[in-house]
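> Contents of query_14.txt (compact mmCIF, C-alpha atoms) are below:
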# COMPACT_ATOMS: atom_id res chain seq x y z
CA MET A 1 -18.29 3.48 -11.10
CA SER A 2 -15.96 6.28 -12.03
CA GLY A 3 -14.20 4.25 -14.73
CA GLY A 4 -10.65 4.62 -13.47
CA THR A 5 -10.71 8.37 -12.92
CA ARG A 6 -9.44 9.86 -9.70
CA LEU A 7 -12.06 10.04 -6.96
CA GLU A 8 -12.87 13.49 -5.60
CA ASN A 9 -13.56 12.12 -2.13
CA ALA A 10 -11.38 9.01 -1.92
CA ASN A 11 -12.14 8.28 1.76
CA PRO A 12 -15.71 9.29 2.54
CA VAL A 13 -17.19 8.92 6.00
CA ILE A 14 -19.56 5.95 6.03
CA PHE A 15 -22.69 6.13 8.18
CA GLN A 16 -24.75 3.29 9.60
CA ARG A 17 -27.76 2.26 7.57
CA SER A 18 -31.19 2.77 9.11
CA GLY A 19 -33.14 -0.33 9.94
CA GLU A 20 -36.11 -1.65 8.05
CA ARG A 21 -39.35 0.16 8.77
CA LEU A 22 -41.74 -2.05 10.70
CA LEU A 23 -45.04 -2.35 8.87
CA THR A 24 -48.30 -2.38 10.80
CA ALA A 25 -51.48 -4.20 9.85
CA SER A 26 -53.01 -0.92 8.64
CA ASP A 27 -49.95 -0.29 6.42
CA GLU A 28 -50.69 -3.51 4.57
CA ASP A 29 -54.50 -3.10 4.51
CA GLU A 30 -55.50 -1.93 1.02
CA GLU A 31 -58.86 -0.65 2.37
CA VAL A 32 -57.20 1.89 4.71
CA HIS A 33 -56.17 5.27 3.23
CA ASP A 34 -52.45 5.41 3.88
CA PRO A 35 -50.97 8.84 3.09
CA ILE A 36 -47.39 8.90 1.83
CA ASP A 37 -45.06 10.13 4.58
CA ASP A 38 -41.44 11.21 5.00
CA ARG A 39 -40.27 7.72 5.95
CA GLU A 40 -41.88 6.14 2.90
CA ILE A 41 -40.04 8.59 0.63
CA PHE A 42 -36.79 8.01 2.52
CA ASP A 43 -37.27 4.25 2.07
CA ILE A 44 -37.48 4.84 -1.70
CA LEU A 45 -34.24 6.87 -1.68
CA LEU A 46 -31.99 4.98 0.71
CA SER A 47 -30.95 2.34 -1.81
CA ILE A 48 -29.75 4.77 -4.50
CA ASN A 49 -26.08 4.09 -5.26
CA ASP A 50 -23.44 6.80 -5.21
CA PRO A 51 -21.97 7.31 -8.71
CA GLU A 52 -18.36 7.18 -7.44
CA HIS A 53 -18.38 4.72 -4.54
CA PRO A 54 -19.87 1.25 -4.01
CA LEU A 55 -22.04 2.77 -1.27
CA SER A 56 -25.60 4.02 -1.03
CA LEU A 57 -26.55 7.67 -0.63
CA GLU A 58 -27.81 6.73 2.84
CA GLU A 59 -24.43 5.25 3.84
CA LEU A 60 -22.74 8.49 2.75
CA ASN A 61 -25.36 10.59 4.58
CA VAL A 62 -26.20 12.33 1.30
CA VAL A 63 -29.89 11.60 1.97
CA GLU A 64 -31.43 11.68 5.44
CA GLN A 65 -35.00 11.21 6.55
CA VAL A 66 -35.00 14.59 8.35
CA ARG A 67 -34.36 16.28 4.97
CA VAL A 68 -37.46 14.77 3.35
CA LYS A 69 -40.72 16.74 3.50
CA VAL A 70 -44.01 15.34 2.24
CA ASN A 71 -47.42 16.97 2.08
CA ASP A 72 -49.71 14.22 0.81
CA GLU A 73 -52.76 16.51 0.79
CA GLU A 74 -50.98 19.10 -1.38
CA ASN A 75 -49.28 16.41 -3.50
CA SER A 76 -45.77 17.68 -2.85
CA VAL A 77 -42.48 16.01 -2.00
CA GLY A 78 -39.32 17.94 -1.15
CA VAL A 79 -35.91 16.35 -0.75
CA GLU A 80 -32.70 18.08 0.27
CA PHE A 81 -29.50 16.17 -0.33
CA THR A 82 -26.03 16.91 0.99
CA PRO A 83 -23.01 16.19 -1.22
CA THR A 84 -20.07 14.68 0.68
CA ILE A 85 -17.75 17.55 -0.33
CA PRO A 86 -18.47 21.21 -1.26
CA HIS A 87 -17.06 20.87 -4.80
CA CYS A 88 -18.67 17.52 -5.68
CA SER A 89 -18.87 17.33 -9.47
CA MET A 90 -21.46 14.55 -9.17
CA ALA A 91 -24.04 16.72 -7.36
CA THR A 92 -26.24 17.23 -10.42
CA LEU A 93 -26.10 13.52 -11.27
CA ILE A 94 -27.01 12.60 -7.68
CA GLY A 95 -29.92 15.06 -7.68
CA LEU A 96 -31.08 13.75 -11.06
CA SER A 97 -30.94 10.17 -9.75
CA ILE A 98 -33.06 11.15 -6.73
CA LYS A 99 -35.57 12.94 -8.95
CA VAL A 100 -35.82 10.04 -11.44
CA LYS A 101 -36.27 7.50 -8.62
CA LEU A 102 -39.15 9.56 -7.21
CA LEU A 103 -40.71 10.14 -10.64
CA ARG A 104 -40.65 6.39 -11.26
CA SER A 105 -41.93 5.49 -7.77
CA LEU A 106 -44.65 8.02 -6.97
CA PRO A 107 -48.06 8.68 -8.49
CA ASP A 108 -48.10 11.43 -11.15
CA ARG A 109 -50.07 13.73 -8.82
CA PHE A 110 -46.91 14.62 -6.87
CA LYS A 111 -44.81 17.71 -7.54
CA ILE A 112 -41.22 16.74 -6.76
CA ASP A 113 -38.63 19.28 -5.59
CA VAL A 114 -35.06 18.03 -5.23
CA HIS A 115 -32.35 20.44 -4.17
CA ILE A 116 -29.04 20.69 -2.35
CA THR A 117 -29.06 21.35 1.39
CA PRO A 118 -28.41 25.11 1.68
CA GLY A 119 -24.78 26.04 2.23
CA THR A 120 -23.30 22.61 1.46
CA HIS A 121 -22.11 22.97 -2.15
CA ALA A 122 -20.11 25.60 -4.03
CA SER A 123 -22.45 25.52 -7.06
CA GLU A 124 -25.66 25.02 -5.11
CA GLU A 125 -27.68 27.65 -6.99
CA ALA A 126 -26.71 26.35 -10.46
CA VAL A 127 -27.38 22.71 -9.55
CA ASN A 128 -30.75 23.57 -7.99
CA LYS A 129 -31.71 25.57 -11.09
CA GLN A 130 -30.91 22.57 -13.34
CA LEU A 131 -32.87 20.14 -11.15
CA ALA A 132 -35.91 22.46 -11.04
CA ASP A 133 -36.05 22.90 -14.83
CA LYS A 134 -38.38 20.24 -16.29
CA GLU A 135 -37.04 20.71 -19.81
CA ARG A 136 -33.43 20.27 -18.70
CA VAL A 137 -34.32 17.15 -16.72
CA ALA A 138 -36.23 15.72 -19.72
CA ALA A 139 -33.32 16.54 -22.06
CA ALA A 140 -30.84 14.90 -19.66
CA LEU A 141 -32.93 11.73 -19.64
CA GLU A 142 -32.94 11.65 -23.45
CA ASN A 143 -29.13 11.40 -23.37
CA SER A 144 -28.56 7.63 -23.48
CA SER A 145 -25.14 7.80 -21.80
CA LEU A 146 -26.45 9.90 -18.92
CA LEU A 147 -29.55 7.73 -18.57
CA GLU A 148 -27.32 4.65 -18.34
CA VAL A 149 -25.36 6.23 -15.44
CA VAL A 150 -28.61 7.22 -13.68
CA ASN A 151 -29.94 3.67 -14.11
CA GLN A 152 -26.70 2.30 -12.59
CA CYS A 153 -27.26 4.55 -9.57
CA LEU A 154 -30.81 3.23 -9.29
CA SER A 155 -30.00 -0.44 -9.86
CA THR A 156 -30.24 -2.85 -6.99
CA ARG A 157 -26.89 -4.12 -5.84
CA SER A 158 -26.18 -6.99 -3.51
CA ILE A 159 -25.36 -5.80 -0.01
What does the file become when written as structure tokens?

Amino acid sequence: MSGGTRLENANPVIFQRSGERLLTASDEDEEVHDPIDDREIFDILLSINDPEHPLSLEELNVVEQVRVKVNDEENSVGVEFTPTIPHCSMATLIGLSIKVKLLRSLPDRFKIDVHITPGTHASEEAVNKQLADKERVAAALENSSLLEVVNQCLSTRSI
């Protein structure tokens, strides 16, 4: 998706995809209160496409279930993501894609915190500040070119 530009990480390590989550009868029963959990959030995120490679964020180990924290009672979701290289220029775009996917998928009651795994990116503080700023996120999504790239990351691709 990089449009002919040189890839920052031309040969990323590819990780095995997790299997489908097995649903129980109570998961499918609309009468049973089913709190949102870490795995459900991870399931939402695992199909997000990397902006540079024809791979998912799960396949690049950018998102992992162990880095997802949900507190359904307090209406909060926290996601740490790990860029594949410390100077990844796509880190903000990846974080924005994660945030948009969650905003589109979860009820409005949830506060969503998306940030870089501590110590894994050279500009971690700046990227986290951008992702935490509601006005900056809203402004980014008003940019039609940027929104198009985010939507490409969120589009379903054939596997």
> Please measure the separation of CA of Val150 in chain A and CA of Val100 in chain A, giving the value in Å to one decimal.
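Calculated distance between CA of Val150 in chain A and CA of Val100 in chain A is 8.1 Å.
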> Leaving out range 78-86 of chain A and any residue of its chain fewer than 2 positions from it, which residues lie within 10 Å of it when counting all atoms listed in the file, given as a count of residues only?
46
> Calculated over all atoms listed in the file, which of the candidates A:Ser145, A:Leu131, A:Ala126, A:Glu73 has the smallest distance to Asp34 in chain A?
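Checking each candidate against Asp34 in chain A, we get A:Glu73 as the closest.
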> How many Å lie between CA of Leu141 in chain A and CA of Arg104 in chain A, rounded to one decimal?
12.6 Å
> Between A:Ala139, A:Leu154, A:Val149, A:Leu106, single out the one closest to Pro35 in chain A, counting only C-alpha atoms.
A:Leu106
> Using only C-alpha atoms, find the one residue out of A:Ser155, A:Leu93, A:Leu146, A:Asp108 that sits nearest to Asn128 in chain A.
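The closest residue to Asn128 in chain A is A:Leu93.
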> Report the distance between CA of Phe110 in chain A and CA of Thr156 in chain A in Å, rounded to one decimal place.
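Separation between CA of Phe110 in chain A and CA of Thr156 in chain A: 24.1 Å.
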> Extending 8 Å beyond the listed atoms of range 110-119 of chain A on each side, what axis-aligned box results? I want centre and edge lengths in Å to one decimal, as lines of an AutoDock Vina configuration file.

center_x = -35.8
center_y = 20.3
center_z = -2.7
size_x = 38.1
size_y = 27.4
size_z = 25.8
